[in-house]
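K.L.:
For reference, this is work-v3.cif, and it has mmCIF, C-alpha atoms.
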```
data_start
loop_
_atom_site.group_PDB
_atom_site.id
_atom_site.type_symbol
_atom_site.label_atom_id
_atom_site.label_comp_id
_atom_site.auth_asym_id
_atom_site.auth_seq_id
_atom_site.Cartn_x
_atom_site.Cartn_y
_atom_site.Cartn_z
ATOM 1 C CA MET A 28 22.376 9.777 -20.134
ATOM 2 C CA SER A 29 18.850 8.804 -19.274
ATOM 3 C CA ALA A 30 17.773 8.430 -15.671
ATOM 4 C CA ARG A 31 17.872 4.958 -14.152
ATOM 5 C CA ILE A 32 14.473 3.993 -12.753
ATOM 6 C CA GLY A 33 14.464 0.821 -10.665
ATOM 7 C CA ILE A 34 11.433 -1.461 -10.677
ATOM 8 C CA VAL A 35 11.209 -3.946 -7.830
ATOM 9 C CA THR A 36 9.910 -7.445 -8.509
ATOM 10 C CA PHE A 37 8.367 -9.160 -5.467
ATOM 11 C CA PRO A 38 7.075 -12.740 -5.465
ATOM 12 C CA GLY A 39 3.649 -12.085 -6.977
ATOM 13 C CA SER A 40 4.311 -8.780 -8.735
ATOM 14 C CA LEU A 41 2.225 -8.568 -11.924
ATOM 15 C CA ASP A 42 2.903 -5.157 -13.364
ATOM 16 C CA ASP A 43 6.681 -4.901 -13.189
ATOM 17 C CA ALA A 44 7.049 -5.500 -16.942
ATOM 18 C CA ASP A 45 4.453 -2.843 -17.795
ATOM 19 C CA ALA A 46 6.097 -0.413 -15.377
ATOM 20 C CA ALA A 47 9.469 -1.023 -17.064
ATOM 21 C CA ARG A 48 7.877 -0.407 -20.436
ATOM 22 C CA ALA A 49 6.266 2.799 -19.197
ATOM 23 C CA VAL A 50 9.664 4.028 -17.991
ATOM 24 C CA SER A 51 11.126 3.308 -21.449
ATOM 25 C CA VAL A 52 8.286 5.029 -23.276
ATOM 26 C CA ALA A 53 8.774 8.101 -21.091
ATOM 27 C CA GLY A 54 12.484 8.119 -21.950
ATOM 28 C CA GLY A 55 14.034 6.582 -18.850
ATOM 29 C CA LYS A 56 16.151 3.481 -18.443
ATOM 30 C CA PRO A 57 14.315 0.740 -16.500
ATOM 31 C CA ILE A 58 16.482 -1.244 -14.094
ATOM 32 C CA ALA A 59 15.179 -4.534 -12.674
ATOM 33 C CA LEU A 60 15.482 -4.796 -8.886
ATOM 34 C CA TRP A 61 14.839 -7.981 -6.907
ATOM 35 C CA HIS A 62 13.042 -8.108 -3.560
ATOM 36 C CA GLY A 63 15.676 -10.393 -2.057
ATOM 37 C CA ASP A 64 18.644 -8.157 -2.928
ATOM 38 C CA ASP A 65 19.761 -5.266 -0.827
ATOM 39 C CA ASP A 66 21.245 -3.504 -3.840
ATOM 40 C CA LEU A 67 19.513 -0.596 -5.572
ATOM 41 C CA LYS A 68 21.995 -0.745 -8.491
ATOM 42 C CA LYS A 69 22.630 3.012 -8.425
ATOM 43 C CA VAL A 70 19.101 3.889 -9.576
ATOM 44 C CA ASP A 71 17.821 7.474 -9.444
ATOM 45 C CA ALA A 72 14.235 6.526 -8.548
ATOM 46 C CA VAL A 73 12.208 3.430 -7.682
ATOM 47 C CA VAL A 74 8.807 2.084 -8.732
ATOM 48 C CA LEU A 75 7.040 -0.481 -6.543
ATOM 49 C CA PRO A 76 4.672 -2.123 -9.037
ATOM 50 C CA GLY A 77 1.190 -3.544 -8.693
ATOM 51 C CA GLY A 78 0.054 -7.100 -8.324
ATOM 52 C CA PHE A 79 0.662 -9.018 -5.135
ATOM 53 C CA SER A 80 3.594 -9.625 -2.825
ATOM 54 C CA TYR A 81 4.254 -12.663 -0.664
ATOM 55 C CA GLY A 82 0.672 -13.772 -1.353
ATOM 56 C CA ASP A 83 -0.508 -10.615 0.393
ATOM 57 C CA TYR A 84 -0.682 -12.832 3.478
ATOM 58 C CA LEU A 85 -1.366 -11.049 6.776
ATOM 59 C CA ARG A 86 -2.199 -7.752 5.062
ATOM 60 C CA CYS A 87 -1.351 -6.469 1.570
ATOM 61 C CA GLY A 88 2.249 -5.275 1.705
ATOM 62 C CA ALA A 89 2.800 -6.303 5.331
ATOM 63 C CA ILE A 90 5.505 -8.867 4.597
ATOM 64 C CA ALA A 91 6.939 -7.092 1.542
ATOM 65 C CA ARG A 92 7.730 -4.181 3.823
ATOM 66 C CA PHE A 93 10.441 -6.300 5.439
ATOM 67 C CA ALA A 94 12.002 -7.518 2.152
ATOM 68 C CA PRO A 95 15.755 -6.828 2.014
ATOM 69 C CA VAL A 96 15.362 -4.410 -0.905
ATOM 70 C CA MET A 97 12.811 -2.374 1.063
ATOM 71 C CA THR A 98 15.357 -1.502 3.746
ATOM 72 C CA LYS A 99 17.341 0.241 1.005
ATOM 73 C CA VAL A 100 14.263 1.787 -0.589
ATOM 74 C CA ILE A 101 13.115 3.250 2.745
ATOM 75 C CA GLU A 102 16.598 4.628 3.384
ATOM 76 C CA ALA A 103 16.755 6.189 -0.090
ATOM 77 C CA ALA A 104 13.208 7.576 0.148
ATOM 78 C CA ASN A 105 14.046 9.246 3.445
ATOM 79 C CA GLY A 106 17.054 10.752 1.682
ATOM 80 C CA GLY A 107 14.809 12.245 -1.014
ATOM 81 C CA MET A 108 14.898 9.647 -3.787
ATOM 82 C CA PRO A 109 11.644 9.600 -5.777
ATOM 83 C CA VAL A 110 9.586 6.465 -5.062
ATOM 84 C CA LEU A 111 6.262 5.617 -6.711
ATOM 85 C CA GLY A 112 4.097 2.827 -5.321
ATOM 86 C CA ILE A 113 1.280 1.686 -7.584
ATOM 87 C CA CYS A 114 -1.579 -0.411 -6.161
ATOM 88 C CA ASN A 115 0.253 -3.122 -4.179
ATOM 89 C CA GLY A 116 3.193 -0.715 -4.154
ATOM 90 C CA PHE A 117 0.944 1.913 -2.525
ATOM 91 C CA GLN A 118 -0.076 -0.679 0.069
ATOM 92 C CA ILE A 119 3.597 -1.440 0.752
ATOM 93 C CA LEU A 120 4.410 2.281 1.162
ATOM 94 C CA CYS A 121 1.604 2.602 3.720
ATOM 95 C CA GLU A 122 2.864 -0.457 5.594
ATOM 96 C CA THR A 123 6.364 1.069 5.731
ATOM 97 C CA HIS A 124 4.741 4.268 7.068
ATOM 98 C CA LEU A 125 6.517 6.294 4.391
ATOM 99 C CA LEU A 126 2.930 7.307 3.631
ATOM 100 C CA PRO A 127 0.168 7.701 6.221
ATOM 101 C CA GLY A 128 -3.061 5.708 6.329
ATOM 102 C CA ALA A 129 -3.814 2.247 4.988
ATOM 103 C CA LEU A 130 -5.600 0.464 2.163
ATOM 104 C CA THR A 131 -8.493 -1.784 3.162
ATOM 105 C CA ARG A 132 -10.948 -4.148 1.527
ATOM 106 C CA ASN A 133 -13.178 -2.401 -1.036
ATOM 107 C CA ASP A 134 -16.358 -1.377 0.779
ATOM 108 C CA HIS A 135 -18.525 -3.384 -1.664
ATOM 109 C CA LEU A 136 -16.230 -6.447 -1.300
ATOM 110 C CA HIS A 137 -15.888 -6.969 -5.053
ATOM 111 C CA PHE A 138 -12.656 -6.886 -6.993
ATOM 112 C CA ILE A 139 -12.957 -3.975 -9.390
ATOM 113 C CA CYS A 140 -11.417 -3.499 -12.845
ATOM 114 C CA ARG A 141 -12.407 -0.425 -14.826
ATOM 115 C CA ASP A 142 -11.115 2.609 -16.657
ATOM 116 C CA GLN A 143 -11.214 5.276 -13.963
ATOM 117 C CA LYS A 144 -11.453 9.031 -14.279
ATOM 118 C CA LEU A 145 -9.191 10.978 -11.908
ATOM 119 C CA ARG A 146 -8.402 14.594 -11.203
ATOM 120 C CA ILE A 147 -4.762 15.471 -10.559
ATOM 121 C CA GLU A 148 -4.776 17.674 -7.470
ATOM 122 C CA ASN A 149 -1.064 18.204 -6.876
ATOM 123 C CA THR A 150 1.424 19.087 -9.604
ATOM 124 C CA SER A 151 4.432 19.702 -7.397
ATOM 125 C CA SER A 152 5.297 16.127 -6.386
ATOM 126 C CA ASP A 153 8.187 14.397 -8.140
ATOM 127 C CA TRP A 154 5.728 12.121 -9.967
ATOM 128 C CA THR A 155 3.026 14.635 -10.991
ATOM 129 C CA ARG A 156 5.094 17.654 -12.021
ATOM 130 C CA ASP A 157 4.293 17.358 -15.745
ATOM 131 C CA PHE A 158 0.500 17.453 -15.280
ATOM 132 C CA ALA A 159 -1.562 20.623 -15.621
ATOM 133 C CA PRO A 160 -3.219 21.643 -12.339
ATOM 134 C CA GLY A 161 -6.660 20.034 -12.130
ATOM 135 C CA GLN A 162 -6.013 17.894 -15.207
ATOM 136 C CA GLU A 163 -8.552 15.095 -15.643
ATOM 137 C CA ILE A 164 -7.205 11.748 -16.777
ATOM 138 C CA VAL A 165 -8.463 8.195 -17.385
ATOM 139 C CA ILE A 166 -6.313 5.214 -16.389
ATOM 140 C CA PRO A 167 -7.150 1.619 -15.408
ATOM 141 C CA LEU A 168 -8.027 0.741 -11.837
ATOM 142 C CA LYS A 169 -7.954 -2.867 -10.603
ATOM 143 C CA ASN A 170 -7.984 -3.785 -6.961
ATOM 144 C CA GLY A 171 -9.685 -5.739 -4.221
ATOM 145 C CA GLU A 172 -8.216 -3.778 -1.350
ATOM 146 C CA GLY A 173 -8.058 -0.198 -2.534
ATOM 147 C CA GLY A 174 -10.133 1.628 0.043
ATOM 148 C CA TYR A 175 -7.924 4.406 1.394
ATOM 149 C CA VAL A 176 -8.504 5.007 5.114
ATOM 150 C CA ALA A 177 -6.880 7.268 7.698
ATOM 151 C CA ASP A 178 -8.121 9.104 10.764
ATOM 152 C CA GLU A 179 -9.805 12.489 10.359
ATOM 153 C CA ALA A 180 -6.764 14.433 11.595
ATOM 154 C CA THR A 181 -4.513 12.732 9.040
ATOM 155 C CA LEU A 182 -7.023 13.326 6.236
ATOM 156 C CA ASP A 183 -7.315 16.999 7.182
ATOM 157 C CA ARG A 184 -3.533 17.335 7.240
ATOM 158 C CA LEU A 185 -3.192 15.659 3.830
ATOM 159 C CA GLU A 186 -5.802 17.998 2.355
ATOM 160 C CA GLY A 187 -4.382 21.076 4.077
ATOM 161 C CA ASP A 188 -0.852 20.370 2.852
ATOM 162 C CA GLY A 189 -1.999 19.610 -0.696
ATOM 163 C CA ARG A 190 -0.772 16.049 -0.403
ATOM 164 C CA VAL A 191 -3.780 14.425 -2.068
ATOM 165 C CA ILE A 192 -2.261 14.009 -5.513
ATOM 166 C CA ALA A 193 -5.258 12.446 -7.286
ATOM 167 C CA ARG A 194 -8.948 12.002 -6.543
ATOM 168 C CA TYR A 195 -11.573 9.694 -8.065
ATOM 169 C CA LEU A 196 -14.073 11.485 -10.290
ATOM 170 C CA ASP A 197 -17.669 10.486 -11.174
ATOM 171 C CA VAL A 198 -17.644 7.389 -8.982
ATOM 172 C CA ASN A 199 -15.828 6.339 -5.839
ATOM 173 C CA PRO A 200 -14.881 2.796 -6.862
ATOM 174 C CA ASN A 201 -13.759 1.326 -3.540
ATOM 175 C CA GLY A 202 -14.963 3.408 -0.612
ATOM 176 C CA SER A 203 -11.770 5.457 -0.274
ATOM 177 C CA TYR A 204 -12.207 8.258 2.243
ATOM 178 C CA ARG A 205 -12.658 11.635 0.554
ATOM 179 C CA ASP A 206 -12.351 9.970 -2.885
ATOM 180 C CA ILE A 207 -8.583 9.739 -2.441
ATOM 181 C CA ALA A 208 -6.805 7.831 -5.225
ATOM 182 C CA GLY A 209 -3.245 8.877 -4.414
ATOM 183 C CA ILE A 210 -1.171 10.809 -1.883
ATOM 184 C CA CYS A 211 2.408 11.929 -1.372
ATOM 185 C CA ASN A 212 4.726 12.458 1.589
ATOM 186 C CA GLU A 213 5.615 15.915 2.909
ATOM 187 C CA ARG A 214 8.640 16.254 0.688
ATOM 188 C CA GLY A 215 6.747 15.158 -2.424
ATOM 189 C CA ASN A 216 9.249 12.474 -3.433
ATOM 190 C CA VAL A 217 7.197 9.481 -2.273
ATOM 191 C CA VAL A 218 3.878 8.949 -4.053
ATOM 192 C CA GLY A 219 1.304 6.188 -3.651
ATOM 193 C CA LEU A 220 -1.385 5.666 -6.271
ATOM 194 C CA MET A 221 -4.099 3.003 -6.406
ATOM 195 C CA PRO A 222 -4.915 3.180 -10.166
ATOM 196 C CA HIS A 223 -2.384 2.056 -12.771
ATOM 197 C CA PRO A 224 -0.667 4.671 -14.956
ATOM 198 C CA GLU A 225 1.673 2.029 -16.395
ATOM 199 C CA HIS A 226 -1.303 0.479 -18.229
ATOM 200 C CA ALA A 227 -2.152 3.765 -19.939
ATOM 201 C CA ILE A 228 0.893 4.637 -21.994
ATOM 202 C CA GLU A 229 -0.091 3.574 -25.516
ATOM 203 C CA ASP A 230 -3.346 3.849 -27.488
ATOM 204 C CA LEU A 231 -3.111 0.228 -28.596
ATOM 205 C CA THR A 232 -3.486 -1.204 -25.102
ATOM 206 C CA GLY A 233 -4.682 1.549 -22.782
ATOM 207 C CA PRO A 234 -7.765 3.741 -22.438
ATOM 208 C CA SER A 235 -5.487 6.780 -22.876
ATOM 209 C CA THR A 236 -1.835 7.717 -22.782
ATOM 210 C CA ASP A 237 -2.321 9.828 -19.652
ATOM 211 C CA GLY A 238 -0.217 7.473 -17.558
ATOM 212 C CA VAL A 239 3.011 8.535 -19.268
ATOM 213 C CA PHE A 240 2.912 11.868 -17.412
ATOM 214 C CA PHE A 241 3.741 10.182 -14.100
ATOM 215 C CA PHE A 242 6.899 8.632 -15.538
ATOM 216 C CA ALA A 243 7.793 11.743 -17.536
ATOM 217 C CA SER A 244 7.339 13.807 -14.373
ATOM 218 C CA VAL A 245 10.011 11.940 -12.456
ATOM 219 C CA LEU A 246 12.424 12.339 -15.369
ATOM 220 C CA THR A 247 11.689 16.080 -15.369
ATOM 221 C CA SER A 248 12.263 16.143 -11.624
ATOM 222 C CA LEU A 249 15.554 14.275 -11.886
ATOM 223 C CA LEU A 250 16.957 15.947 -14.993
ATOM 224 C CA SER A 251 15.980 19.548 -14.389
ATOM 225 C CA GLY A 252 17.075 19.526 -10.797
ATOM 226 C CA ALA A 253 13.578 20.748 -10.004
ATOM 227 C CA ARG A 254 13.551 18.600 -6.909
ATOM 228 C CA ARG A 255 13.612 20.236 -3.522
ATOM 229 C CA MET B 28 11.267 -28.645 27.842
ATOM 230 C CA LEU B 29 9.353 -25.469 28.632
ATOM 231 C CA VAL B 30 6.854 -24.488 26.008
ATOM 232 C CA ALA B 31 4.984 -21.231 25.963
ATOM 233 C CA ARG B 32 1.933 -20.460 23.891
ATOM 234 C CA VAL B 33 1.202 -16.863 23.030
ATOM 235 C CA ILE B 34 -2.094 -15.852 21.479
ATOM 236 C CA VAL B 35 -2.316 -12.596 19.568
ATOM 237 C CA ASP B 36 -5.783 -11.388 18.598
ATOM 238 C CA VAL B 37 -5.945 -8.679 15.949
ATOM 239 C CA MET B 38 -9.105 -6.671 15.308
ATOM 240 C CA LEU B 39 -9.873 -3.715 13.071
ATOM 241 C CA LYS B 40 -10.242 -0.549 15.121
ATOM 242 C CA PRO B 41 -13.896 0.229 15.869
ATOM 243 C CA GLU B 42 -13.932 3.259 13.569
ATOM 244 C CA ILE B 43 -12.660 1.287 10.554
ATOM 245 C CA LEU B 44 -15.390 -0.110 8.321
ATOM 246 C CA ASP B 45 -15.348 -3.930 8.216
ATOM 247 C CA PRO B 46 -17.087 -4.953 4.979
ATOM 248 C CA GLN B 47 -16.300 -8.638 5.573
ATOM 249 C CA GLY B 48 -17.927 -8.541 8.987
ATOM 250 C CA ARG B 49 -20.921 -6.804 7.461
ATOM 251 C CA ALA B 50 -21.243 -9.515 4.803
ATOM 252 C CA VAL B 51 -21.094 -12.208 7.486
ATOM 253 C CA GLN B 52 -23.724 -10.334 9.482
ATOM 254 C CA GLY B 53 -26.022 -10.413 6.453
ATOM 255 C CA ALA B 54 -25.442 -14.155 6.011
ATOM 256 C CA LEU B 55 -26.198 -14.886 9.666
ATOM 257 C CA GLY B 56 -29.542 -13.133 9.273
ATOM 258 C CA ARG B 57 -30.360 -14.965 6.048
ATOM 259 C CA LEU B 58 -29.551 -18.270 7.740
ATOM 260 C CA GLY B 59 -32.084 -17.706 10.464
ATOM 261 C CA LEU B 60 -30.250 -15.967 13.307
ATOM 262 C CA SER B 61 -32.298 -12.965 14.302
ATOM 263 C CA GLY B 62 -31.178 -9.984 16.310
ATOM 264 C CA VAL B 63 -27.551 -9.778 15.151
ATOM 265 C CA THR B 64 -26.559 -6.141 15.584
ATOM 266 C CA ASP B 65 -22.902 -6.302 14.572
ATOM 267 C CA VAL B 66 -20.185 -8.682 13.364
ATOM 268 C CA ARG B 67 -16.493 -7.811 13.306
ATOM 269 C CA GLN B 68 -13.984 -10.185 11.730
ATOM 270 C CA GLY B 69 -10.459 -10.452 13.100
ATOM 271 C CA LYS B 70 -7.406 -12.692 13.098
ATOM 272 C CA GLN B 71 -5.900 -14.921 15.743
ATOM 273 C CA PHE B 72 -2.262 -15.985 15.819
ATOM 274 C CA VAL B 73 -1.319 -18.961 18.004
ATOM 275 C CA ILE B 74 2.422 -18.893 18.566
ATOM 276 C CA ASP B 75 4.253 -21.738 20.286
ATOM 277 C CA ILE B 76 7.721 -21.023 21.591
ATOM 278 C CA ASP B 77 10.342 -23.454 22.847
ATOM 279 C CA GLY B 78 12.053 -22.548 26.076
ATOM 280 C CA GLU B 79 11.402 -19.823 28.574
ATOM 281 C CA LEU B 80 9.407 -16.750 27.633
ATOM 282 C CA ASP B 81 11.764 -14.279 29.232
ATOM 283 C CA ASP B 82 11.362 -10.509 29.253
ATOM 284 C CA ALA B 83 13.468 -10.027 26.136
ATOM 285 C CA ARG B 84 11.339 -12.414 24.087
ATOM 286 C CA ARG B 85 8.165 -10.939 25.514
ATOM 287 C CA ALA B 86 9.311 -7.469 24.473
ATOM 288 C CA LYS B 87 10.230 -8.754 21.006
ATOM 289 C CA LEU B 88 6.784 -10.338 20.671
ATOM 290 C CA GLU B 89 5.090 -7.085 21.644
ATOM 291 C CA GLN B 90 7.172 -5.266 19.064
ATOM 292 C CA LEU B 91 6.358 -7.738 16.284
ATOM 293 C CA ALA B 92 2.683 -7.833 17.257
ATOM 294 C CA SER B 93 2.493 -4.113 16.554
ATOM 295 C CA GLU B 94 4.890 -3.998 13.588
ATOM 296 C CA LEU B 95 4.098 -7.183 11.673
ATOM 297 C CA LEU B 96 1.025 -8.994 12.996
ATOM 298 C CA SER B 97 -1.062 -5.823 13.150
ATOM 299 C CA ASN B 98 -1.027 -2.433 11.477
ATOM 300 C CA PRO B 99 -1.575 0.161 14.214
ATOM 301 C CA VAL B 100 -3.087 2.538 11.669
ATOM 302 C CA ILE B 101 -6.183 0.365 11.303
ATOM 303 C CA GLU B 102 -5.914 -2.457 13.856
ATOM 304 C CA ASP B 103 -5.602 -3.133 17.579
ATOM 305 C CA TYR B 104 -3.986 -6.267 18.983
ATOM 306 C CA ARG B 105 -4.231 -8.098 22.279
ATOM 307 C CA MET B 106 -1.520 -10.484 23.407
ATOM 308 C CA THR B 107 -2.263 -13.293 25.863
ATOM 309 C CA VAL B 108 0.312 -15.705 27.256
ATOM 310 C CA VAL B 109 -1.143 -19.125 27.963
ATOM 311 C CA ASN B 110 0.432 -20.860 30.958
ATOM 312 C CA ASP B 111 2.885 -23.570 30.046
ATOM 313 C CA ASP B 112 0.814 -26.374 31.552
ATOM 314 C CA GLU B 113 -2.253 -25.294 29.583
ATOM 315 C CA VAL B 114 -0.559 -25.967 26.265
ATOM 316 C CA GLY B 115 -1.958 -29.228 25.005
ATOM 317 C CA ALA B 116 0.377 -31.954 23.767
#
```
Once you've parsed the file, please lay out its structure as structure tokens.
P.N.:
Amino acid sequence: MSARIGIVTFPGSLDDADAARAVSVAGGKPIALWHGDDDLKKVDAVVLPGGFSYGDYLRCGAIARFAPVMTKVIEAANGGMPVLGICNGFQILCETHLLPGALTRNDHLHFICRDQKLRIENTSSDWTRDFAPGQEIVIPLKNGEGGYVADEATLDRLEGDGRVIARYLDVNPNGSYRDIAGICNERGNVVGLMPHPEHAIEDLTGPSTDGVFFFASVLTSLLSGARR
Amino acid sequence: MLVARVIVDVMLKPEILDPQGRAVQGALGRLGLSGVTDVRQGKQFVIDIDGELDDARRAKLEQLASELLSNPVIEDYRMTVVNDDEVGA
């Protein structure tokens, strides 16, 4: 039986359908979750998709953090369930403090949409296990508030613990400190990523099919019992 | 009826880059204001509350100011209670 991967839809989510499709392409069973429900429908992992949530009023992810479904997601994440936050999902994970730091307005103030080269720096997290160490990939990036910031001590700790999972290559598109594109928590089950792997799963529509690895990785993690 | 007004000012921490403030600073210069050395952009919440602002509500406000209205990772907040009789009709 294939793993059940929940995808939360918030008011304003844009990429929930693509995330569901990416889960299917990787071989998982996508399960739709609703922000207003406090039911995770027995899923094995959760994706918080990109787009917006609650108008991104206050700060991106600040109100979504208190959505009924998030109480359950936080509980499950603390229990070890794999959770991937993409773009707005990454912002939500930072607001919940499941991940350290915050995402701020791009330093150049422009919304950016481009195919972005990344280097995968951690292949032990639940969402990056299927990559080769140091693998370079190209997936779309689209954000207005994607600048990753944290204090120096936090950045040093992330680097020291190998918790920077992906870094921008060639160009830093949004002013993220230390070119950070994605990070994970200590346990490696919670991952936040600013670029969009779910838009890079098929040659017809994406710049590559590199994005599939993230979704395949979590299936590997769940099915092989590779998880810590 | 007692009415309390609470003002919460939220500002990015000094060490966090404020690109919006920087853009405003540039505009001020272009529009003829010389000598501007820095602009920081923040948010102000004006919260009116019916009834007495007792200790429990004050504590709840402090909690929500740091959990919802601001993100302590990047922002500082300052909470000011305006005296009841200063709240305009």
K.L.:
Could you list, as a PyMOL selection string, the residues of chain B having an atom within 8 Å of chain A when counting only C-alpha atoms?
P.N.:
chain B and resi 43-47+95-96+98+100-101
K.L.:
When the PyMOL selection byres ((chain B and resi 56-71) around 7) is applied to the file above, which residues end up in the set, as an MDAnalysis selection string?
P.N.:
chainID B and resid 34:39 45 47:49 51:55 72:73
K.L.:
Could you please determine the separation between atom CA of B:Lys40 and atom CA of B:Glu102 in Å, to one decimal place?
P.N.:
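For atom CA of B:Lys40 relative to atom CA of B:Glu102, the distance reads 4.9 Å.
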K.L.:
Identify, on the basis of all atoms listed in the file, every residue whose closest approach to stretch 56-60 of chain A does not exceed 10 Å; exclude the query and any residue fewer than 3 positions from it along the same chain; express the result as a ChimeraX atom specification.
P.N.:
/A:28-37,43-44,46-53,63-75,96
K.L.:
Given the selection you just returned, output its residues as a file containing C-alpha atoms, formatted as a JSON list (two decimals), keeping the file's coordinate frame.
P.N.:
```json
[["chain", "number", "residue", "atom", "x", "y", "z"],
["A", 28, "MET", "CA", 22.38, 9.78, -20.13],
["A", 29, "SER", "CA", 18.85, 8.80, -19.27],
["A", 30, "ALA", "CA", 17.77, 8.43, -15.67],
["A", 31, "ARG", "CA", 17.87, 4.96, -14.15],
["A", 32, "ILE", "CA", 14.47, 3.99, -12.75],
["A", 33, "GLY", "CA", 14.46, 0.82, -10.66],
["A", 34, "ILE", "CA", 11.43, -1.46, -10.68],
["A", 35, "VAL", "CA", 11.21, -3.95, -7.83],
["A", 36, "THR", "CA", 9.91, -7.44, -8.51],
["A", 37, "PHE", "CA", 8.37, -9.16, -5.47],
["A", 43, "ASP", "CA", 6.68, -4.90, -13.19],
["A", 44, "ALA", "CA", 7.05, -5.50, -16.94],
["A", 46, "ALA", "CA", 6.10, -0.41, -15.38],
["A", 47, "ALA", "CA", 9.47, -1.02, -17.06],
["A", 48, "ARG", "CA", 7.88, -0.41, -20.44],
["A", 49, "ALA", "CA", 6.27, 2.80, -19.20],
["A", 50, "VAL", "CA", 9.66, 4.03, -17.99],
["A", 51, "SER", "CA", 11.13, 3.31, -21.45],
["A", 52, "VAL", "CA", 8.29, 5.03, -23.28],
["A", 53, "ALA", "CA", 8.77, 8.10, -21.09],
["A", 63, "GLY", "CA", 15.68, -10.39, -2.06],
["A", 64, "ASP", "CA", 18.64, -8.16, -2.93],
["A", 65, "ASP", "CA", 19.76, -5.27, -0.83],
["A", 66, "ASP", "CA", 21.24, -3.50, -3.84],
["A", 67, "LEU", "CA", 19.51, -0.60, -5.57],
["A", 68, "LYS", "CA", 22.00, -0.74, -8.49],
["A", 69, "LYS", "CA", 22.63, 3.01, -8.43],
["A", 70, "VAL", "CA", 19.10, 3.89, -9.58],
["A", 71, "ASP", "CA", 17.82, 7.47, -9.44],
["A", 72, "ALA", "CA", 14.24, 6.53, -8.55],
["A", 73, "VAL", "CA", 12.21, 3.43, -7.68],
["A", 74, "VAL", "CA", 8.81, 2.08, -8.73],
["A", 75, "LEU", "CA", 7.04, -0.48, -6.54],
["A", 96, "VAL", "CA", 15.36, -4.41, -0.90]]
```
K.L.:
Could you check the closest approach to A:Thr181 for each of A:Phe117, A:Tyr81, A:Ala243, A:Asn212 and tell me which residue wins, using only C-alpha atoms?
P.N.:
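Between A:Phe117, A:Tyr81, A:Ala243, A:Asn212, the residue approaching A:Thr181 most closely is A:Asn212.
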K.L.:
Running the PyMOL selection byres ((chain A and resi 142) around 10) on this model by hand, what would come out? Give it as a ChimeraX atom specification.
P.N.:
/A:139-141,143-145,164-169,222-223,227,233-235
K.L.:
What does the structure give for the distance between atom CA of B:Ala92 and atom CA of B:Met106, in Å to one decimal?
P.N.:
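Computed distance, atom CA of B:Ala92 to atom CA of B:Met106, equals 7.9 Å.
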K.L.:
I'd like the residues picked by the PyMOL selection byres ((chain B and resi 80) around 12) written out as a PDB file with C-alpha atoms, in the coordinates of the input, using the chain letters and numbers from the file.
P.N.:
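Contents of the output file expr.pdb:
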```pdb
ATOM      1  CA  LEU B  29       9.353 -25.469  28.632  1.00  0.00           C
ATOM      2  CA  VAL B  30       6.854 -24.488  26.008  1.00  0.00           C
ATOM      3  CA  ALA B  31       4.984 -21.231  25.963  1.00  0.00           C
ATOM      4  CA  ARG B  32       1.933 -20.460  23.891  1.00  0.00           C
ATOM      5  CA  VAL B  33       1.202 -16.863  23.030  1.00  0.00           C
ATOM      6  CA  ILE B  74       2.422 -18.893  18.566  1.00  0.00           C
ATOM      7  CA  ASP B  75       4.253 -21.738  20.286  1.00  0.00           C
ATOM      8  CA  ILE B  76       7.721 -21.023  21.591  1.00  0.00           C
ATOM      9  CA  ASP B  77      10.342 -23.454  22.847  1.00  0.00           C
ATOM     10  CA  GLY B  78      12.053 -22.548  26.076  1.00  0.00           C
ATOM     11  CA  GLU B  79      11.402 -19.823  28.574  1.00  0.00           C
ATOM     12  CA  ASP B  81      11.764 -14.279  29.232  1.00  0.00           C
ATOM     13  CA  ASP B  82      11.362 -10.509  29.253  1.00  0.00           C
ATOM     14  CA  ALA B  83      13.468 -10.027  26.136  1.00  0.00           C
ATOM     15  CA  ARG B  84      11.339 -12.414  24.087  1.00  0.00           C
ATOM     16  CA  ARG B  85       8.165 -10.939  25.514  1.00  0.00           C
ATOM     17  CA  ALA B  86       9.311  -7.469  24.473  1.00  0.00           C
ATOM     18  CA  LYS B  87      10.230  -8.754  21.006  1.00  0.00           C
ATOM     19  CA  LEU B  88       6.784 -10.338  20.671  1.00  0.00           C
ATOM     20  CA  VAL B 108       0.312 -15.705  27.256  1.00  0.00           C
ATOM     21  CA  VAL B 109      -1.143 -19.125  27.963  1.00  0.00           C
ATOM     22  CA  ASN B 110       0.432 -20.860  30.958  1.00  0.00           C
ATOM     23  CA  ASP B 111       2.885 -23.570  30.046  1.00  0.00           C
TER      24      ASP B 111
END
```
K.L.:
Expressed in Å to a single decimal, how great is the separation between atom CA of A:Ser244 and atom CA of A:Glu102?
P.N.:
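Computing the Euclidean distance for atom CA of A:Ser244 and atom CA of A:Glu102 yields 22.0 Å.
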K.L.:
Counting all atoms listed in the file, which of A:Leu120, A:Leu125, A:Ile113, A:Val191 gets nearest to A:Asn149?
P.N.:
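Of all the options, A:Val191 lies closest to A:Asn149.
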K.L.:
Kindly list the centre and edge lengths in Å, rounded to one decimal, for the axis-aligned box that covers all listed atoms of stretch 45-55 of chain A plus 4 Å on each of its six sides, as JSON.
P.N.:
```
{"center_x": 9.2, "center_y": 2.6, "center_z": -19.3, "size_x": 17.6, "size_y": 19.0, "size_z": 15.9}
```
K.L.:
Fewer than 6 positions away in the same chain doesn't count, so skip those; otherwise give me all residues within 10 Å of A:Glu213, counting only C-alpha atoms, as a ChimeraX atom specification.
P.N.:
/A:125-126,152,185,188-190
K.L.:
Counting all atoms listed in the file, which of A:Gly39, A:Gly209, A:Gly107, A:Gly55 gets nearest to A:Pro76?
P.N.:
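Of A:Gly39, A:Gly209, A:Gly107, A:Gly55, the one nearest A:Pro76, counting all atoms listed in the file, is A:Gly39.
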